[in-house]
$ cat work-v1.json   # JSON, C-alpha atoms
[["chain", "number", "residue", "atom", "x", "y", "z"],
["A", 248, "MET", "CA", -6.66, -1.77, -25.12],
["A", 249, "GLN", "CA", -5.41, 1.79, -25.15],
["A", 250, "THR", "CA", -1.94, 2.30, -23.71],
["A", 251, "SER", "CA", -1.29, 4.96, -21.11],
["A", 252, "ARG", "CA", 1.18, 7.75, -21.82],
["A", 253, "LEU", "CA", 3.05, 6.51, -18.78],
["A", 254, "THR", "CA", 4.31, 3.41, -20.56],
["A", 255, "THR", "CA", 5.89, 5.32, -23.45],
["A", 256, "THR", "CA", 8.46, 7.25, -21.44],
["A", 257, "THR", "CA", 11.96, 5.96, -20.69],
["A", 258, "ARG", "CA", 12.74, 6.14, -16.95],
["A", 259, "HIS", "CA", 15.44, 5.35, -14.51],
["A", 260, "GLY", "CA", 15.90, 5.69, -10.80],
["A", 261, "GLY", "CA", 15.15, 3.79, -7.64],
["A", 262, "SER", "CA", 12.45, 3.49, -5.07],
["A", 263, "SER", "CA", 11.50, 6.41, -2.91],
["A", 264, "ARG", "CA", 12.02, 4.39, 0.29],
["A", 265, "ARG", "CA", 14.14, 6.27, 2.76],
["A", 266, "SER", "CA", 17.14, 4.86, 4.60],
["A", 267, "ARG", "CA", 17.05, 5.23, 8.36],
["A", 268, "GLY", "CA", 19.87, 5.13, 10.84],
["A", 269, "ALA", "CA", 19.75, 3.25, 14.11],
["A", 270, "LYS", "CA", 17.44, 4.62, 16.77],
["A", 271, "ARG", "CA", 16.75, 3.68, 20.35],
["A", 272, "VAL", "CA", 13.24, 3.37, 21.70],
["A", 273, "HIS", "CA", 11.99, 2.79, 25.25],
["A", 274, "ARG", "CA", 9.96, -0.28, 25.97],
["A", 275, "GLY", "CA", 6.84, 0.16, 28.06],
["A", 276, "ARG", "CA", 5.83, -1.68, 31.20],
["A", 277, "GLY", "CA", 6.22, -5.43, 31.22],
["A", 278, "PRO", "CA", 3.30, -7.82, 31.57],
["A", 279, "SER", "CA", 3.85, -8.07, 35.34],
["A", 280, "GLY", "CA", 3.60, -4.30, 35.72],
["A", 281, "ASP", "CA", 7.32, -3.78, 36.31],
["A", 282, "SER", "CA", 8.97, -0.86, 34.60],
["A", 283, "ALA", "CA", 10.87, -1.92, 31.48],
["A", 284, "ASP", "CA", 13.62, 0.66, 31.39],
["A", 285, "SER", "CA", 15.77, -1.09, 28.80],
["A", 286, "LYS", "CA", 16.21, 0.46, 25.40],
["A", 287, "VAL", "CA", 16.12, -1.42, 22.12],
["A", 288, "THR", "CA", 18.19, -0.34, 19.15],
["A", 289, "LEU", "CA", 16.32, -0.41, 15.86],
["A", 290, "ASP", "CA", 18.33, -0.72, 12.69],
["A", 291, "ARG", "CA", 17.50, 0.18, 9.09],
["A", 292, "SER", "CA", 15.49, -2.98, 8.46],
["A", 293, "HIS", "CA", 13.14, -2.23, 11.37],
["A", 294, "PHE", "CA", 12.54, 1.29, 10.16],
["A", 295, "GLU", "CA", 12.03, 0.37, 6.51],
["A", 296, "LEU", "CA", 9.34, -2.08, 7.57],
["A", 297, "LEU", "CA", 7.76, 0.38, 10.01],
["A", 298, "TYR", "CA", 7.58, 3.19, 7.46],
["A", 299, "LEU", "CA", 6.06, 0.87, 4.87],
["A", 300, "LEU", "CA", 3.42, -0.33, 7.32],
["A", 301, "VAL", "CA", 2.59, 3.16, 8.54],
["A", 302, "ASP", "CA", 2.20, 4.22, 4.91],
["A", 303, "GLU", "CA", -0.11, 1.35, 3.93],
["A", 304, "ARG", "CA", -1.58, 0.75, 7.44],
["A", 305, "THR", "CA", -1.32, -3.05, 7.05],
["A", 306, "ILE", "CA", 0.44, -5.43, 4.62],
["A", 307, "ARG", "CA", 0.80, -9.20, 4.46],
["A", 308, "LEU", "CA", 4.33, -10.34, 5.33],
["A", 309, "ASP", "CA", 5.32, -11.75, 1.93],
["A", 310, "LEU", "CA", 4.05, -8.65, 0.11],
["A", 311, "ALA", "CA", 5.90, -6.42, 2.57],
["A", 312, "ALA", "CA", 9.09, -8.39, 1.86],
["A", 313, "ALA", "CA", 8.58, -8.03, -1.90],
["A", 314, "LEU", "CA", 8.05, -4.28, -1.58],
["A", 315, "LEU", "CA", 11.20, -4.01, 0.52],
["A", 316, "GLY", "CA", 13.14, -6.09, -2.00],
["A", 317, "ILE", "CA", 14.12, -8.89, 0.39],
["A", 318, "ASP", "CA", 13.31, -12.56, 0.86],
["A", 319, "PRO", "CA", 10.43, -13.29, 3.26],
["A", 320, "SER", "CA", 12.75, -15.54, 5.29],
["A", 321, "ASP", "CA", 14.94, -12.49, 5.96],
["A", 322, "LEU", "CA", 11.96, -10.48, 7.11],
["A", 323, "HIS", "CA", 10.67, -13.07, 9.58],
["A", 324, "PRO", "CA", 13.29, -12.32, 12.30],
["A", 325, "VAL", "CA", 12.74, -8.56, 11.90],
["A", 326, "VAL", "CA", 9.00, -9.10, 12.34],
["A", 327, "ALA", "CA", 9.49, -11.42, 15.32],
["A", 328, "GLU", "CA", 11.74, -8.92, 17.10],
["A", 329, "SER", "CA", 9.48, -5.99, 16.27],
["A", 330, "VAL", "CA", 6.46, -7.84, 17.63],
["A", 331, "SER", "CA", 8.32, -8.91, 20.77],
["A", 332, "ILE", "CA", 9.18, -5.30, 21.66],
["A", 333, "GLY", "CA", 5.72, -4.03, 20.86],
["A", 334, "LEU", "CA", 6.35, -2.16, 17.61],
["A", 335, "LEU", "CA", 4.21, -4.37, 15.38],
["A", 336, "GLU", "CA", 1.14, -6.54, 15.61],
["A", 337, "LYS", "CA", 0.36, -9.50, 13.40],
["A", 338, "GLN", "CA", -2.41, -11.95, 12.63],
["A", 339, "ALA", "CA", -3.35, -14.45, 9.91],
["A", 340, "PHE", "CA", -6.91, -13.62, 8.83],
["A", 341, "LEU", "CA", -7.87, -15.26, 5.54],
["A", 342, "ARG", "CA", -8.19, -19.01, 5.04],
["A", 343, "ASP", "CA", -6.90, -18.87, 1.47],
["A", 344, "GLU", "CA", -3.59, -17.36, 2.59],
["A", 345, "PRO", "CA", -0.50, -19.12, 3.98],
["A", 346, "ALA", "CA", -0.44, -18.93, 7.80],
["A", 347, "LYS", "CA", 3.31, -18.26, 7.67],
["A", 348, "TYR", "CA", 2.56, -14.91, 6.03],
["A", 349, "PRO", "CA", 0.39, -13.03, 8.54],
["A", 350, "TRP", "CA", -0.83, -9.48, 8.11],
["A", 351, "LEU", "CA", 1.31, -6.89, 9.85],
["A", 352, "TRP", "CA", 0.44, -3.46, 11.19],
["A", 353, "PRO", "CA", 2.26, -0.96, 13.43],
["A", 354, "SER", "CA", 1.32, -0.60, 17.07],
["A", 355, "ARG", "CA", 0.84, 2.80, 18.65],
["A", 356, "LEU", "CA", 4.44, 2.57, 19.88],
["A", 357, "GLY", "CA", 5.61, 1.70, 16.37],
["A", 358, "ILE", "CA", 3.83, 4.71, 14.90],
["A", 359, "ARG", "CA", 5.41, 6.99, 17.52],
["A", 360, "ALA", "CA", 8.83, 5.53, 16.77],
["A", 361, "THR", "CA", 8.62, 6.61, 13.13],
["A", 362, "GLY", "CA", 7.67, 10.19, 13.98],
["A", 363, "VAL", "CA", 5.25, 10.27, 11.05],
["A", 364, "GLU", "CA", 2.64, 12.97, 11.55],
["A", 365, "ARG", "CA", -1.06, 12.33, 11.05],
["A", 366, "ALA", "CA", -0.61, 8.56, 11.17],
["A", 367, "TYR", "CA", -3.29, 6.73, 13.12],
["A", 368, "TYR", "CA", -3.49, 3.34, 14.75],
["A", 369, "TYR", "CA", -5.39, 0.93, 12.53],
["A", 370, "VAL", "CA", -6.53, -2.63, 13.16],
["A", 371, "PRO", "CA", -7.30, -4.55, 9.95],
["A", 372, "THR", "CA", -10.62, -6.29, 9.47],
["A", 373, "GLU", "CA", -11.08, -9.40, 7.38],
["A", 374, "GLY", "CA", -13.58, -7.76, 5.04],
["A", 375, "GLY", "CA", -11.14, -5.35, 3.43],
["A", 376, "LEU", "CA", -8.02, -7.50, 3.21],
["A", 377, "LYS", "CA", -8.65, -9.00, -0.23],
["A", 378, "HIS", "CA", -8.93, -5.49, -1.64],
["A", 379, "LEU", "CA", -5.74, -4.40, 0.15],
["A", 380, "ARG", "CA", -3.95, -7.51, -1.11],
["A", 381, "GLY", "CA", -4.74, -6.46, -4.68],
["A", 382, "VAL", "CA", -3.67, -2.86, -4.06],
["A", 383, "HIS", "CA", -0.32, -4.03, -2.70],
["A", 384, "LYS", "CA", 0.25, -6.25, -5.74],
["A", 385, "ILE", "CA", -0.51, -3.23, -7.91],
["A", 386, "ARG", "CA", 1.94, -1.11, -5.90],
["A", 387, "LEU", "CA", 4.63, -3.79, -6.33],
["A", 388, "HIS", "CA", 3.94, -3.93, -10.06],
["A", 389, "CYS", "CA", 4.08, -0.14, -10.40],
["A", 390, "GLU", "CA", 7.34, 0.15, -8.46],
["A", 391, "GLN", "CA", 8.89, -2.44, -10.77],
["A", 392, "GLN", "CA", 7.34, -1.14, -13.99],
["A", 393, "TYR", "CA", 7.81, 2.59, -13.38],
["A", 394, "PRO", "CA", 10.98, 2.95, -11.27],
["A", 395, "GLY", "CA", 11.28, 6.69, -11.92],
["A", 396, "TRP", "CA", 7.92, 7.31, -10.27],
["A", 397, "ASP", "CA", 7.01, 7.45, -6.59],
["A", 398, "TRP", "CA", 4.05, 5.60, -5.15],
["A", 399, "VAL", "CA", 1.60, 7.63, -3.07],
["A", 400, "SER", "CA", -0.61, 5.52, -0.82],
["A", 401, "GLU", "CA", -4.27, 6.16, -0.10],
["A", 402, "ARG", "CA", -3.20, 7.40, 3.33],
["A", 403, "GLY", "CA", -0.80, 9.82, 1.66],
["A", 404, "LEU", "CA", -3.55, 11.07, -0.63],
["A", 405, "SER", "CA", -5.85, 11.51, 2.36],
["A", 406, "VAL", "CA", -3.25, 13.64, 4.14],
["A", 407, "ARG", "CA", -2.74, 15.79, 1.06],
["A", 408, "HIS", "CA", -6.46, 16.38, 0.61],
["A", 409, "ASN", "CA", -6.97, 16.94, 4.32],
["A", 410, "ARG", "CA", -9.58, 14.16, 4.53],
["A", 411, "THR", "CA", -12.04, 15.97, 2.31],
["A", 412, "LYS", "CA", -15.11, 14.27, 0.85],
["A", 413, "ARG", "CA", -13.50, 14.17, -2.60],
["A", 414, "HIS", "CA", -13.06, 10.68, -4.00],
["A", 415, "LEU", "CA", -9.59, 9.36, -3.24],
["A", 416, "ALA", "CA", -7.94, 6.70, -5.38],
["A", 417, "ASP", "CA", -6.44, 3.54, -3.87],
["A", 418, "GLY", "CA", -3.02, 4.98, -4.63],
["A", 419, "ALA", "CA", -1.20, 7.07, -7.20],
["A", 420, "LEU", "CA", 1.98, 7.39, -9.21],
["A", 421, "GLU", "CA", 3.83, 10.69, -8.95],
["A", 422, "ARG", "CA", 6.77, 12.31, -10.72],
["A", 423, "ASP", "CA", 7.75, 15.96, -11.19],
["A", 424, "GLY", "CA", 4.45, 17.21, -9.81],
["A", 425, "ARG", "CA", 2.35, 14.95, -12.00],
["A", 426, "LEU", "CA", -0.04, 12.56, -10.25],
["A", 427, "ILE", "CA", -1.74, 9.58, -11.89],
["A", 428, "PRO", "CA", -4.43, 8.00, -9.70],
["A", 429, "VAL", "CA", -4.62, 4.22, -9.46],
["A", 430, "GLU", "CA", -7.81, 2.31, -8.64],
["A", 431, "TYR", "CA", -8.44, -1.36, -7.95],
["A", 432, "GLU", "CA", -11.86, -2.75, -8.88],
["A", 433, "LEU", "CA", -12.18, -6.07, -7.07],
["A", 434, "THR", "CA", -15.98, -6.23, -7.08],
["A", 435, "GLN", "CA", -18.56, -4.64, -9.31],
["A", 436, "LYS", "CA", -19.87, -1.37, -7.90],
["A", 437, "ASP", "CA", -22.85, 0.71, -8.88],
["A", 438, "ARG", "CA", -22.50, 1.97, -12.46],
["A", 439, "ILE", "CA", -23.30, 5.59, -11.55],
["A", 440, "LYS", "CA", -20.74, 5.56, -8.76],
["A", 441, "LEU", "CA", -18.09, 4.11, -11.06],
["A", 442, "VAL", "CA", -18.75, 6.76, -13.73],
["A", 443, "ARG", "CA", -18.61, 9.50, -11.11],
["A", 444, "ASN", "CA", -15.29, 8.22, -9.76],
["A", 445, "MET", "CA", -13.79, 7.91, -13.24],
["A", 446, "CYS", "CA", -14.89, 11.40, -14.26],
["A", 447, "GLU", "CA", -13.70, 13.01, -11.04],
["A", 448, "LEU", "CA", -10.24, 11.44, -11.24],
["A", 449, "VAL", "CA", -9.80, 12.27, -14.95],
["A", 450, "ASP", "CA", -11.02, 15.84, -14.47],
["A", 451, "ARG", "CA", -8.62, 16.34, -11.59],
["A", 452, "HIS", "CA", -5.53, 14.57, -12.98],
["A", 453, "GLY", "CA", -5.97, 14.14, -16.74],
["A", 454, "GLU", "CA", -5.95, 10.35, -16.69],
["A", 455, "ALA", "CA", -6.50, 7.40, -14.36],
["A", 456, "HIS", "CA", -5.39, 3.78, -14.17],
["A", 457, "PHE", "CA", -7.98, 1.15, -13.26],
["A", 458, "TYR", "CA", -6.79, -2.36, -12.39],
["A", 459, "CYS", "CA", -9.55, -4.95, -12.54],
["A", 460, "SER", "CA", -10.17, -8.46, -11.33],
["A", 461, "ALA", "CA", -11.34, -11.05, -13.87],
["A", 462, "LYS", "CA", -14.91, -10.57, -12.60],
["A", 463, "THR", "CA", -15.00, -6.81, -13.11],
["A", 464, "ARG", "CA", -12.89, -6.05, -16.18],
["A", 465, "ALA", "CA", -15.62, -6.44, -18.81],
["A", 466, "PHE", "CA", -17.99, -4.25, -16.77],
["A", 467, "VAL", "CA", -15.38, -1.51, -16.21],
["A", 468, "GLU", "CA", -14.41, -1.51, -19.90],
["A", 469, "ALA", "CA", -18.08, -1.23, -20.91],
["A", 470, "VAL", "CA", -18.58, 1.75, -18.59],
["A", 471, "LYS", "CA", -15.46, 3.41, -19.95],
["A", 472, "GLU", "CA", -16.53, 3.00, -23.58],
["A", 473, "ALA", "CA", -20.14, 4.02, -22.97],
["A", 474, "ASN", "CA", -18.97, 7.31, -21.46],
["A", 475, "ASN", "CA", -16.10, 7.99, -23.89],
["A", 476, "LEU", "CA", -13.58, 8.08, -21.05],
["A", 477, "HIS", "CA", -10.51, 7.49, -23.19],
["A", 478, "ALA", "CA", -8.18, 8.82, -20.49],
["A", 479, "VAL", "CA", -9.11, 5.86, -18.29],
["A", 480, "HIS", "CA", -6.61, 3.04, -18.84],
["A", 481, "ILE", "CA", -7.60, -0.46, -17.81],
["A", 482, "PHE", "CA", -5.24, -3.25, -16.73],
["A", 483, "ASP", "CA", -5.39, -6.72, -15.22],
["A", 484, "VAL", "CA", -4.30, -7.12, -11.63],
["A", 485, "PRO", "CA", -0.67, -8.31, -11.77],
["A", 486, "GLU", "CA", 0.24, -11.71, -10.38],
["A", 487, "PHE", "CA", 3.61, -12.75, -8.99],
["A", 488, "PRO", "CA", 5.08, -16.26, -8.65],
["A", 489, "GLY", "CA", 4.78, -17.54, -5.10],
["A", 490, "ILE", "CA", 2.44, -14.76, -3.96],
["A", 491, "ALA", "CA", -1.17, -15.79, -3.40]]

$ encode --input "work-v1.json" --output "structure tokens"
Amino acid sequence: MQTSRLTTTTRHGGSSRRSRGAKRVHRGRGPSGDSADSKVTLDRSHFELLYLLVDERTIRLDLAAALLGIDPSDLHPVVAESVSIGLLEKQAFLRDEPAKYPWLWPSRLGIRATGVERAYYYVPTEGGLKHLRGVHKIRLHCEQQYPGWDWVSERGLSVRHNRTKRHLADGALERDGRLIPVEYELTQKDRIKLVRNMCELVDRHGEAHFYCSAKTRAFVEAVKEANNLHAVHIFDVPEFPGIA
């Protein structure tokens, strides 16, 4: 397997996550219709989780904890409080996942609390969660493997490209103006579509990283070799102890 140029450079530095000070938000009307005038003070942990969820739209709890660098048990009370005041929503969707690690996504109030522009309310659907689960494992791997680089989510790429019809990767690595697109191939797609995506990303950025499930790797490698796409670098999806 050919090695990407990215792996040959020595790097240092931390995550691009931003620290946030405490902030007060108004609660809405209570379930009985009474006005809830009380304010709730959000600390750094609430905001770090909110910004992560707004960035990725939805993340399973244990993967969110790993990306924030904390134990899931420490994130549970933050999630519980955030849900109780209407900042987050949660639900366990997939049968092969632990019920104690539900999927999390920001409510409309949570999105407003962050002040992030061009962020939209999103409710996850079961069909896309296995793909998102893989993307988040890849993000975790990249943040650990390439600490001098920033992760750009698919949402971030969409904002940059102003929602054009150009193919957007599932994420990207960025440093000093250089962007390396990252794709996750969970299921086998049409060969012509895959070639088109590979060529477009390489033409635009110079190289691309494709992470593949066990079912798709041989197919993706064959497409790469048949089209002499040597700037496409193929990897297995990373696995982490204790994360399904």

$ atom_distance --input "work-v1.json" --atom1 "atom CA of Ala346 of chain A" --atom2 "atom CA of Thr372 of chain A"
16.3 Å

$ residues_around --input "work-v1.json" --residues "Ala313 of chain A" --least-positions-apart "2" --cutoff "12 Å" --atoms "only C-alpha atoms" --output "PyMOL selection string"
chain A and resi 296+299+306-311+315-322+383-388+390-391+487-490

$ residues_near_point --input "work-v1.json" --point "(9.3, 5.0, 14.2)" --cutoff "12 Å" --atoms "all atoms listed in the file" --output "PyMOL selection string"
chain A and resi 267-273+288-302+329+333-335+353-364+366

$ atom_distance --input "work-v1.json" --atom1 "atom CA of Ala478 of chain A" --atom2 "atom CA of Asn444 of chain A"
12.9 Å

$ closest_residue --input "work-v1.json" --among "A:Cys389, A:Leu426, A:Leu376, A:Val330" --to "Ala455 of chain A" --atoms "only C-alpha atoms"
A:Leu426

$ residues_near_point --input "work-v1.json" --point "(-12.9, 6.0, -21.0)" --cutoff "10 Å" --atoms "all atoms listed in the file" --output "PyMOL selection string"
chain A and resi 249+442+445-446+449+454-455+467-481

$ atom_distance --input "work-v1.json" --atom1 "atom CA of Val429 of chain A" --atom2 "atom CA of Asp450 of chain A"
14.2 Å

$ decode --input "work-v1.json" --residues "segment 343-447 of chain A" --atoms "C-alpha atoms" --output "short mmCIF file (atom, residue, chain, number, x, y, z; two decimals), in the first residue's frame"
data_model
loop_
_atom_site.label_atom_id
_atom_site.label_comp_id
_atom_site.auth_asym_id
_atom_site.auth_seq_id
_atom_site.Cartn_x
_atom_site.Cartn_y
_atom_site.Cartn_z
CA ASP A 343 -26.04 -3.45 17.59
CA GLU A 344 -25.09 -0.45 19.75
CA PRO A 345 -25.11 -0.15 23.56
CA ALA A 346 -28.30 1.59 24.76
CA LYS A 347 -26.24 3.54 27.30
CA TYR A 348 -24.57 5.35 24.41
CA PRO A 349 -27.41 7.09 22.54
CA TRP A 350 -26.96 9.37 19.56
CA LEU A 351 -26.91 13.05 20.44
CA TRP A 352 -27.83 16.10 18.38
CA PRO A 353 -28.38 19.78 19.22
CA SER A 354 -31.87 21.19 19.49
CA ARG A 355 -32.80 24.46 17.84
CA LEU A 356 -32.14 26.17 21.18
CA GLY A 357 -28.74 24.48 21.40
CA ILE A 358 -27.79 25.68 17.94
CA ARG A 359 -28.82 29.25 18.83
CA ALA A 360 -26.80 29.06 22.04
CA THR A 361 -23.59 28.40 20.10
CA GLY A 362 -24.10 31.33 17.74
CA VAL A 363 -22.76 29.27 14.84
CA GLU A 364 -23.95 30.69 11.54
CA ARG A 365 -25.44 28.52 8.82
CA ALA A 366 -26.04 25.63 11.20
CA TYR A 367 -29.35 23.87 10.71
CA TYR A 368 -31.48 21.65 12.89
CA TYR A 369 -30.97 18.01 11.94
CA VAL A 370 -32.74 14.88 13.14
CA PRO A 371 -30.75 11.68 12.50
CA THR A 372 -32.28 8.77 10.66
CA GLU A 373 -31.31 5.16 11.25
CA GLY A 374 -30.23 4.60 7.66
CA GLY A 375 -27.21 6.89 7.77
CA LEU A 376 -25.91 6.24 11.27
CA LYS A 377 -23.57 3.35 10.45
CA HIS A 378 -21.84 5.57 7.91
CA LEU A 379 -21.60 8.44 10.41
CA ARG A 380 -20.25 6.05 13.04
CA GLY A 381 -17.38 5.17 10.70
CA VAL A 382 -16.71 8.81 9.84
CA HIS A 383 -16.46 9.70 13.52
CA LYS A 384 -14.01 6.85 14.14
CA ILE A 385 -11.95 8.17 11.24
CA ARG A 386 -12.08 11.69 12.70
CA LEU A 387 -10.92 10.34 16.08
CA HIS A 388 -8.09 8.45 14.38
CA CYS A 389 -7.01 11.50 12.38
CA GLU A 390 -7.03 13.79 15.41
CA GLN A 391 -4.79 11.31 17.24
CA GLN A 392 -2.55 10.48 14.28
CA TYR A 393 -2.14 13.99 12.88
CA PRO A 394 -2.33 16.38 15.86
CA GLY A 395 -0.92 19.33 13.90
CA TRP A 396 -3.84 19.20 11.49
CA ASP A 397 -7.40 20.45 11.91
CA TRP A 398 -10.42 18.37 11.04
CA VAL A 399 -13.00 19.94 8.74
CA SER A 400 -16.39 18.25 8.87
CA GLU A 401 -18.67 17.64 5.90
CA ARG A 402 -20.84 20.48 7.21
CA GLY A 403 -17.78 22.74 7.26
CA LEU A 404 -16.93 21.77 3.69
CA SER A 405 -20.51 22.46 2.64
CA VAL A 406 -20.36 25.95 4.14
CA ARG A 407 -17.08 26.68 2.38
CA HIS A 408 -18.40 25.54 -0.98
CA ASN A 409 -21.70 27.31 -0.46
CA ARG A 410 -23.68 24.08 -0.97
CA THR A 411 -22.64 23.72 -4.58
CA LYS A 412 -23.21 20.53 -6.56
CA ARG A 413 -19.50 19.67 -6.38
CA HIS A 414 -18.76 16.39 -4.65
CA LEU A 415 -17.97 16.95 -0.98
CA ALA A 416 -15.85 14.52 1.01
CA ASP A 417 -17.01 13.10 4.34
CA GLY A 418 -14.42 15.31 6.01
CA ALA A 419 -10.95 16.71 5.48
CA LEU A 420 -7.62 17.39 7.14
CA GLU A 421 -6.32 20.95 6.93
CA ARG A 422 -3.07 22.71 7.80
CA ASP A 423 -1.50 25.92 6.48
CA GLY A 424 -4.04 26.23 3.69
CA ARG A 425 -3.63 22.66 2.52
CA LEU A 426 -6.73 20.47 2.49
CA ILE A 427 -6.73 16.67 2.20
CA PRO A 428 -10.21 15.21 1.64
CA VAL A 429 -11.22 12.10 3.58
CA GLU A 430 -13.84 9.62 2.36
CA TYR A 431 -15.43 6.62 4.03
CA GLU A 432 -16.56 3.77 1.78
CA LEU A 433 -18.89 1.63 3.88
CA THR A 434 -20.76 0.01 0.99
CA GLN A 435 -19.81 -0.58 -2.60
CA LYS A 436 -21.04 2.19 -4.89
CA ASP A 437 -21.26 2.36 -8.65
CA ARG A 438 -17.80 2.08 -10.22
CA ILE A 439 -18.27 5.13 -12.45
CA LYS A 440 -19.41 7.23 -9.52
CA LEU A 441 -16.43 6.14 -7.43
CA VAL A 442 -13.98 6.98 -10.22
CA ARG A 443 -15.62 10.37 -10.70
CA ASN A 444 -15.40 11.15 -6.98
CA MET A 445 -11.77 10.06 -6.80
CA CYS A 446 -10.76 12.11 -9.84
CA GLU A 447 -12.63 15.21 -8.70
#
